[in-house]
>>> print(open('structure_4.cif').read())   # mmCIF, C-alpha atoms
data_upload
loop_
_atom_site.label_atom_id
_atom_site.label_comp_id
_atom_site.auth_asym_id
_atom_site.auth_seq_id
_atom_site.Cartn_x
_atom_site.Cartn_y
_atom_site.Cartn_z
CA MET A 1333 -87.11 41.47 25.03
CA ALA A 1334 -89.14 42.32 21.95
CA GLU A 1335 -90.93 45.65 21.84
CA PHE A 1336 -94.32 46.28 20.28
CA ILE A 1337 -95.91 49.46 18.99
CA CYS A 1338 -99.61 49.88 19.68
CA LEU A 1339 -101.61 52.13 17.38
CA PHE A 1340 -105.19 53.15 17.94
CA GLY A 1341 -106.95 53.69 14.65
CA LYS A 1342 -109.09 56.81 14.34
CA ASP A 1343 -111.97 55.02 12.70
CA SER A 1344 -111.48 51.75 14.39
CA ALA A 1345 -112.02 50.56 17.84
CA GLY A 1346 -109.43 47.84 17.43
CA ILE A 1347 -105.80 47.94 18.33
CA VAL A 1348 -103.23 47.50 15.59
CA ILE A 1349 -99.99 45.80 16.72
CA LYS A 1350 -96.87 46.08 14.49
CA GLN A 1351 -93.51 44.24 14.78
CA PRO A 1352 -90.55 46.65 15.01
CA LYS A 1353 -88.13 46.81 12.08
CA LYS A 1354 -84.90 44.84 12.53
CA SER A 1355 -81.83 46.95 13.25
CA PRO A 1356 -79.79 47.70 10.09
CA LEU A 1357 -76.61 47.25 12.18
CA PHE A 1358 -77.58 43.67 13.05
CA LEU A 1359 -78.12 42.79 9.38
CA ARG A 1360 -74.80 44.32 8.42
CA MET A 1361 -73.02 42.23 11.07
CA ILE A 1362 -74.53 39.02 9.66
CA VAL A 1363 -73.40 39.90 6.12
CA LEU A 1364 -69.89 40.77 7.38
CA VAL A 1365 -69.49 37.49 9.27
CA PHE A 1366 -70.68 35.50 6.27
CA ALA A 1367 -68.23 37.30 3.99
CA MET A 1368 -65.33 36.62 6.38
CA VAL A 1369 -66.13 32.90 6.56
CA CYS A 1370 -66.29 32.62 2.77
CA GLY A 1371 -63.02 34.53 2.41
CA LEU A 1372 -61.20 32.25 4.85
CA TYR A 1373 -62.46 29.15 3.06
CA ILE A 1374 -61.35 30.44 -0.36
CA CYS A 1375 -57.89 31.36 0.98
CA SER A 1376 -57.42 27.93 2.57
CA VAL A 1377 -58.30 26.18 -0.71
CA CYS A 1378 -55.84 28.34 -2.66
CA LEU A 1379 -53.05 27.73 -0.16
CA LYS A 1380 -53.58 23.97 -0.30
CA GLN A 1381 -53.41 23.97 -4.08
CA PHE A 1382 -50.24 26.07 -4.05
CA SER A 1383 -48.46 23.91 -1.51
CA PHE A 1384 -49.39 20.74 -3.40
CA GLN A 1385 -47.85 22.08 -6.60
CA SER A 1386 -44.53 23.14 -5.01
CA SER A 1387 -43.99 20.24 -2.62
CA GLN A 1388 -46.06 17.46 -1.14
CA LEU A 1389 -45.84 16.00 2.34
CA VAL A 1390 -46.29 12.26 2.56
CA PRO A 1391 -46.58 10.37 5.87
CA SER A 1392 -43.78 7.84 6.24
CA LEU A 1393 -43.61 4.85 8.54
CA VAL A 1394 -40.08 4.58 9.87
CA ASP A 1395 -38.52 2.19 12.34
CA SER A 1396 -37.49 2.76 15.94
CA GLN A 1397 -34.11 4.10 14.86
CA SER A 1398 -35.64 6.78 12.68
CA LEU A 1399 -37.14 10.16 13.40
CA HIS A 1400 -40.87 10.02 12.70
CA VAL A 1401 -41.61 13.08 10.60
CA LEU A 1402 -43.14 13.72 7.21
CA ASN A 1403 -41.24 12.92 4.04
CA ARG A 1404 -41.27 15.89 1.66
CA ILE A 1405 -41.20 15.23 -2.05
CA HIS A 1406 -40.47 17.79 -4.75
CA TYR A 1407 -40.93 18.63 -8.39
CA PRO A 1408 -37.52 20.03 -9.43
CA LYS A 1409 -37.03 21.94 -12.66
CA PRO A 1410 -33.41 21.40 -13.77
CA GLN A 1411 -31.60 23.95 -15.91
CA THR A 1412 -29.56 21.40 -17.88
CA PHE A 1413 -32.36 19.26 -19.33
CA ASN A 1414 -36.13 18.90 -19.57
CA ARG A 1415 -37.84 16.29 -17.37
CA ALA A 1416 -40.47 15.97 -20.11
CA GLU A 1417 -43.28 13.59 -19.21
CA CYS A 1418 -41.64 12.87 -15.85
CA GLY A 1419 -41.97 16.50 -14.79
CA HIS A 1420 -45.05 15.66 -12.75
CA ASN A 1421 -43.34 12.75 -10.96
CA PRO A 1422 -42.35 13.65 -7.39
CA VAL A 1423 -38.73 13.35 -6.25
CA SER A 1424 -37.40 12.63 -2.75
CA PHE A 1425 -34.09 14.11 -1.56
CA PHE A 1426 -31.65 12.05 0.51
CA ALA A 1427 -28.03 11.90 1.68
CA ILE A 1428 -26.05 8.87 2.90
CA LEU A 1429 -24.03 10.03 5.93
CA SER A 1430 -21.19 7.67 6.80
CA MET A 1431 -17.48 7.10 7.46
CA GLN A 1432 -14.85 5.83 5.06
CA ARG A 1433 -14.73 2.02 4.69
CA SER A 1434 -18.14 1.49 6.28
CA GLY A 1435 -19.78 -0.11 3.26
CA SER A 1436 -21.17 3.12 1.82
CA GLY A 1437 -19.82 2.38 -1.68
CA TRP A 1438 -21.51 -1.03 -1.71
CA PHE A 1439 -24.69 0.43 -0.23
CA GLU A 1440 -24.79 3.13 -2.88
CA THR A 1441 -24.44 0.58 -5.71
CA LEU A 1442 -27.43 -1.24 -4.23
CA LEU A 1443 -29.52 1.93 -4.32
CA ASN A 1444 -28.37 2.77 -7.84
CA SER A 1445 -29.52 -0.63 -9.05
CA HIS A 1446 -33.03 0.72 -8.50
CA ASP A 1447 -34.54 2.10 -11.71
CA ASN A 1448 -35.61 5.35 -10.07
CA VAL A 1449 -32.73 6.20 -7.72
CA SER A 1450 -29.76 8.43 -8.52
CA SER A 1451 -27.03 8.50 -5.86
CA ASN A 1452 -24.15 10.57 -7.16
CA GLY A 1453 -21.18 9.34 -5.15
CA GLU A 1454 -18.85 11.10 -2.73
CA ILE A 1455 -19.20 14.59 -4.16
CA PHE A 1456 -17.70 16.41 -1.16
CA SER A 1457 -14.39 14.58 -1.47
CA VAL A 1458 -13.38 17.66 -3.52
CA LEU A 1459 -12.19 20.38 -1.11
CA ASP A 1460 -13.55 23.38 -3.08
CA ARG A 1461 -17.10 22.04 -2.80
CA ARG A 1462 -16.91 22.03 1.01
CA ARG A 1463 -14.60 25.00 1.62
CA ASN A 1464 -17.34 26.87 3.49
CA ALA A 1465 -21.07 26.75 4.16
CA SER A 1466 -21.82 28.84 1.07
CA SER A 1467 -20.00 26.47 -1.30
CA ILE A 1468 -21.70 23.49 0.36
CA VAL A 1469 -25.17 24.98 -0.12
CA LYS A 1470 -24.36 25.85 -3.74
CA THR A 1471 -23.33 22.25 -4.39
CA LEU A 1472 -26.42 20.87 -2.65
CA ASP A 1473 -28.68 23.08 -4.76
CA ARG A 1474 -27.15 21.69 -7.95
CA VAL A 1475 -27.62 18.11 -6.77
CA TYR A 1476 -31.23 18.48 -5.68
CA ASN A 1477 -32.17 20.50 -8.73
CA LEU A 1478 -31.05 17.44 -10.79
CA ASP A 1479 -28.27 19.49 -12.39
CA TRP A 1480 -25.47 17.31 -10.98
CA LEU A 1481 -24.87 14.86 -13.80
CA THR A 1482 -22.91 11.65 -13.18
CA SER A 1483 -22.94 8.11 -14.52
CA ALA A 1484 -25.48 7.29 -11.77
CA SER A 1485 -27.98 9.94 -12.87
CA LYS A 1486 -31.35 8.64 -14.04
CA ASN A 1487 -32.13 12.18 -15.17
CA GLU A 1488 -35.76 13.01 -15.87
CA CYS A 1489 -37.38 9.97 -14.23
CA SER A 1490 -35.50 9.90 -10.92
CA ALA A 1491 -37.80 9.32 -7.95
CA ALA A 1492 -35.06 9.81 -5.35
CA ILE A 1493 -31.89 11.87 -5.73
CA GLY A 1494 -28.92 11.98 -3.37
CA PHE A 1495 -25.26 11.21 -2.72
CA LYS A 1496 -22.95 9.92 0.02
CA TRP A 1497 -21.24 12.26 2.46
CA MET A 1498 -18.43 11.32 4.86
CA LEU A 1499 -18.58 12.82 8.36
CA ASN A 1500 -15.09 14.30 8.00
CA GLN A 1501 -15.88 16.12 4.73
CA GLY A 1502 -17.22 19.34 6.22
CA LEU A 1503 -20.43 17.70 7.42
CA LEU A 1504 -19.88 18.13 11.16
CA ALA A 1505 -17.87 21.33 10.85
CA ASN A 1506 -20.83 23.04 9.13
CA HIS A 1507 -23.61 21.07 10.77
CA VAL A 1508 -25.72 24.11 11.77
CA GLU A 1509 -26.12 25.34 8.19
CA ILE A 1510 -26.50 21.80 6.81
CA VAL A 1511 -29.20 20.80 9.31
CA ASP A 1512 -31.07 24.01 8.46
CA TYR A 1513 -30.78 23.18 4.75
CA PHE A 1514 -31.94 19.59 5.26
CA ASN A 1515 -34.99 20.68 7.24
CA ARG A 1516 -35.81 23.55 4.90
CA ARG A 1517 -35.47 21.50 1.71
CA GLY A 1518 -36.83 18.25 3.13
CA VAL A 1519 -33.64 16.15 2.75
CA SER A 1520 -33.78 12.72 4.42
CA ALA A 1521 -30.56 11.47 6.02
CA VAL A 1522 -29.56 7.79 5.97
CA PHE A 1523 -26.81 7.14 8.52
CA LEU A 1524 -24.71 4.11 7.62
CA PHE A 1525 -22.34 2.77 10.28
CA ARG A 1526 -20.58 -0.50 11.11
CA ARG A 1527 -21.41 -2.42 14.26
CA ASN A 1528 -17.82 -3.71 14.33
CA PRO A 1529 -15.43 -0.73 14.05
CA LEU A 1530 -12.44 -3.09 14.38
CA ARG A 1531 -13.23 -4.55 10.96
CA ARG A 1532 -13.59 -1.03 9.60
CA MET A 1533 -10.12 -0.27 10.98
CA VAL A 1534 -8.66 -3.25 9.09
CA SER A 1535 -10.31 -2.04 5.88
CA VAL A 1536 -9.05 1.55 6.36
CA LEU A 1537 -5.44 0.44 6.91
CA ALA A 1538 -5.48 -2.04 4.04
CA ASN A 1539 -6.99 0.48 1.63
CA SER A 1540 -4.44 3.13 2.65
CA TYR A 1541 -1.62 0.66 1.98
CA ASP A 1542 -2.97 -0.24 -1.46
CA ARG A 1543 -3.05 3.41 -2.53
CA TYR A 1544 0.72 3.19 -2.79
CA ALA A 1545 1.31 -0.55 -3.24
CA LYS A 1546 -1.29 -0.96 -6.02
CA LEU A 1547 -1.51 -4.71 -5.54
CA LEU A 1548 -3.83 -5.37 -8.48
CA ASN A 1549 -1.49 -5.16 -11.49
CA GLY A 1550 -0.25 -1.71 -10.50
CA THR A 1551 -3.79 -0.32 -10.03
CA HIS A 1552 -5.37 0.87 -6.82
CA LYS A 1553 -8.93 -0.32 -6.27
CA SER A 1554 -11.04 0.59 -3.28
CA HIS A 1555 -13.76 -1.84 -4.39
CA VAL A 1556 -13.54 -5.05 -6.40
CA HIS A 1557 -15.96 -7.13 -8.46
CA SER A 1558 -14.46 -10.61 -8.35
CA PRO A 1559 -13.46 -13.10 -5.60
CA GLU A 1560 -9.99 -13.34 -7.15
CA GLU A 1561 -9.37 -9.61 -6.76
CA ALA A 1562 -10.74 -9.71 -3.22
CA ASP A 1563 -8.40 -12.56 -2.29
CA GLU A 1564 -5.43 -10.70 -3.74
CA LEU A 1565 -6.12 -7.57 -1.71
CA SER A 1566 -6.87 -9.50 1.49
CA ARG A 1567 -3.40 -11.06 1.47
CA TYR A 1568 -2.04 -7.88 2.96
CA LYS A 1569 -2.37 -7.97 6.77
CA PRO A 1570 -2.16 -4.56 8.46
CA VAL A 1571 -0.55 -3.96 11.85
CA ILE A 1572 -2.93 -2.22 14.25
CA ASN A 1573 -1.57 0.06 16.96
CA SER A 1574 -2.56 -1.84 20.11
CA THR A 1575 -1.51 1.05 22.38
CA SER A 1576 -4.07 3.49 20.97
CA LEU A 1577 -6.62 0.87 19.90
CA ILE A 1578 -9.20 1.39 22.65
CA ARG A 1579 -8.93 5.16 22.34
CA ASP A 1580 -9.34 4.89 18.55
CA LEU A 1581 -12.47 2.74 18.94
CA GLN A 1582 -13.89 5.24 21.45
CA GLU A 1583 -13.25 8.13 19.07
CA THR A 1584 -15.09 6.30 16.28
CA GLU A 1585 -18.09 5.75 18.54
CA SER A 1586 -17.96 9.36 19.70
CA LEU A 1587 -17.91 10.65 16.14
CA ALA A 1588 -21.01 8.66 15.22
CA ALA A 1589 -22.80 9.78 18.39
CA LYS A 1590 -21.94 13.42 17.68
CA ALA A 1591 -23.33 13.16 14.15
CA LEU A 1592 -26.60 11.70 15.42
CA GLU A 1593 -26.85 14.42 18.03
CA TYR A 1594 -26.26 17.21 15.51
CA PHE A 1595 -28.82 15.82 13.05
CA ASN A 1596 -31.46 14.67 15.54
CA THR A 1597 -33.97 17.25 14.27
CA THR A 1598 -33.79 16.01 10.68
CA ARG A 1599 -35.77 13.19 9.14
CA HIS A 1600 -33.30 10.32 9.37
CA MET A 1601 -32.79 6.62 9.85
CA VAL A 1602 -29.79 4.61 11.10
CA VAL A 1603 -28.61 1.58 9.13
CA PHE A 1604 -25.78 -0.79 10.00
CA TYR A 1605 -23.70 -2.47 7.32
CA GLU A 1606 -23.92 -5.83 9.07
CA ASP A 1607 -27.73 -5.65 9.22
CA LEU A 1608 -27.95 -5.03 5.48
CA ILE A 1609 -26.05 -8.28 4.94
CA THR A 1610 -27.86 -10.47 7.47
CA HIS A 1611 -31.41 -9.05 7.30
CA GLN A 1612 -33.05 -8.87 3.88
CA THR A 1613 -35.91 -6.74 5.22
CA ARG A 1614 -33.53 -3.88 6.03
CA LEU A 1615 -33.17 -2.87 2.38
CA LYS A 1616 -36.94 -2.92 2.07
CA GLN A 1617 -37.19 -0.52 5.01
CA VAL A 1618 -34.65 1.81 3.42
CA GLN A 1619 -36.68 1.96 0.20
CA GLU A 1620 -39.86 2.65 2.14
CA PHE A 1621 -38.05 5.40 4.03
CA LEU A 1622 -37.03 6.98 0.71
CA ASN A 1623 -40.63 6.69 -0.55
CA ILE A 1624 -39.70 4.67 -3.63
CA PRO A 1625 -41.20 1.41 -4.98
CA VAL A 1626 -39.70 -1.60 -3.20
CA LYS A 1627 -37.59 -3.73 -5.55
CA ASP A 1628 -34.87 -6.36 -5.36
CA LEU A 1629 -31.54 -4.53 -5.28
CA SER A 1630 -28.17 -5.95 -6.25
CA SER A 1631 -24.49 -5.04 -6.39
CA ARG A 1632 -21.50 -6.45 -8.25
CA GLN A 1633 -19.10 -5.53 -5.47
CA VAL A 1634 -17.38 -8.36 -3.59
CA LYS A 1635 -16.43 -8.18 0.09
CA ILE A 1636 -12.63 -8.11 0.54
CA HIS A 1637 -12.00 -9.13 4.16
CA ARG A 1638 -14.12 -12.22 4.76
CA GLY A 1639 -14.00 -14.75 7.56
CA ASP A 1640 -12.40 -14.52 10.98
CA LEU A 1641 -10.50 -11.34 11.84
CA SER A 1642 -7.50 -13.29 13.11
CA VAL A 1643 -6.48 -14.06 9.53
CA HIS A 1644 -6.53 -10.38 8.52
CA ILE A 1645 -4.49 -8.73 11.33
CA LYS A 1646 -0.74 -9.28 11.45
CA ASN A 1647 -0.35 -8.60 15.19
CA TRP A 1648 -3.48 -10.50 16.12
CA GLU A 1649 -2.11 -11.72 19.49
CA ASP A 1650 -1.49 -8.15 20.67
CA ILE A 1651 -4.97 -7.02 19.57
CA ASN A 1652 -6.62 -10.04 21.19
CA LYS A 1653 -4.80 -9.37 24.47
CA THR A 1654 -5.66 -5.65 24.39
CA LEU A 1655 -9.41 -6.10 23.89
CA ASN A 1656 -10.02 -9.22 25.99
CA GLY A 1657 -11.92 -8.35 29.14
CA THR A 1658 -13.05 -4.97 27.80
CA GLU A 1659 -16.38 -3.80 26.38
CA TYR A 1660 -14.84 -4.20 22.91
CA GLU A 1661 -14.04 -7.89 23.31
CA LYS A 1662 -17.10 -8.79 21.23
CA PHE A 1663 -15.44 -7.27 18.15
CA LEU A 1664 -12.76 -9.95 18.17
CA ARG A 1665 -15.16 -12.75 17.30
CA ALA A 1666 -17.87 -10.99 15.36
CA ASP A 1667 -17.87 -12.24 11.75
CA TYR A 1668 -19.53 -10.02 9.18
#
>>> encode(input="structure_4.cif", output="structure tokens")
Amino acid sequence: MAEFICLFGKDSAGIVIKQPKKSPLFLRMIVLVFAMVCGLYICSVCLKQFSFQSSQLVPSLVDSQSLHVLNRIHYPKPQTFNRAECGHNPVSFFAILSMQRSGSGWFETLLNSHDNVSSNGEIFSVLDRRRNASSIVKTLDRVYNLDWLTSASKNECSAAIGFKWMLNQGLLANHVEIVDYFNRRGVSAVFLFRRNPLRRMVSVLANSYDRYAKLLNGTHKSHVHSPEEADELSRYKPVINSTSLIRDLQETESLAAKALEYFNTTRHMVVFYEDLITHQTRLKQVQEFLNIPVKDLSSRQVKIHRGDLSVHIKNWEDINKTLNGTEYEKFLRADY
């Protein structure tokens, strides 16, 4: 309640009423609050500008098989060259996580046919690079700083940089440190699996045989670029161990499930080799996931084992008998 001071003038019969002076403490509080608000606003603006310069978060629409999080893009400063006018172009980090003979080589050639993608191959096939978590992190830093130079490198104008990594190349053994690195650096994981692991098994056995047989004029080739070479390699029919077959298929499924469980906190998507072949939109979704312009991608690689599986397995009758009536029976007739 406001107070008033009444003064009776000596020479006046009237009453003089004066408003009290406002408290100095109240005025100081107003000034202090105003200063705090201004300070918070200035700090927030500075922080936003700093974070935009170091890395930028971009919302990404991903499918039902992907983790819906933000895609982080970066502005790396390599030590081995100058990005020049592309230095202000953002770069996304990715890794293709897969198993041997799952189509990862073909998939990587598709990505590398994009003008702005550099996928640097199976870099952790070398033991020293995956000997421990420290050597893995050191290798990853070189790759994502654009200092890992290969024939696939687009150098200064890369918009997405990555490589392919097999599950058995230290990935699962060091998953705690790798998941932390992926989340800290904003690396997106693209899991590539096969829906039909029986076909993958045929490819693994045939490729292992050719390492020593060298069927193509004394040269071993894991991938070919002509139908003639594909036909030559497909003439070899591997024998599959029917006794351990179901257990082997279960172990393959378990390995993939374990990888997805370990990396479930990362930004990731799951892609199947068969879907890339039969659904043209799948490649478009991959490019959107990597935050790169969508383009038509192509590869010169030719599929080796085509057609029905019965023509590619030497002991087909045993395999057919083993899987018939089981949950894996569908793999016998699936043609991809």
>>> resolve_selection(input="structure_4.cif", expression="the PyMOL selection byres ((chain A and resi 1579-1590) around 12)", output="ChimeraX atom specification")
/A:1429-1432,1434,1498-1500,1503-1505,1507,1523-1533,1572-1578,1591-1596,1602,1604,1654-1655,1658-1661,1663
>>> residues_around(input="structure_4.cif", residues="segment 1461-1478 of chain A", least_positions_apart="5", cutoff="7 Å", atoms="only C-alpha atoms", output="list in words")
Pro1408, Lys1409, Pro1410, Phe1425, Phe1456, Asn1487, Ile1493, Gly1502, Asn1506 and Glu1509 of chain A
>>> atom_distance(input="structure_4.cif", atom1="atom CA of Val1449 of chain A", atom2="atom CA of Glu1606 of chain A")
22.5 Å
>>> closest_atom_pairs(input="structure_4.cif", of="segment 1410-1436 of chain A", to="segment 1633-1641 of chain A", cutoff="12 Å", atoms="all atoms listed in the file", output="Markdown table")
| residue | atom | partner | partner_atom | distance |
| --- | --- | --- | --- | --- |
| A:Arg1433 | CA | A:Ile1636 | CA | 11.1 |
| A:Ser1434 | CA | A:Lys1635 | CA | 11.6 |
| A:Gly1435 | CA | A:Lys1635 | CA | 9.3 |
| A:Ser1436 | CA | A:Gln1633 | CA | 11.5 |
>>> atom_distance(input="structure_4.cif", atom1="atom CA of Val1618 of chain A", atom2="atom CA of Val1522 of chain A")
8.3 Å
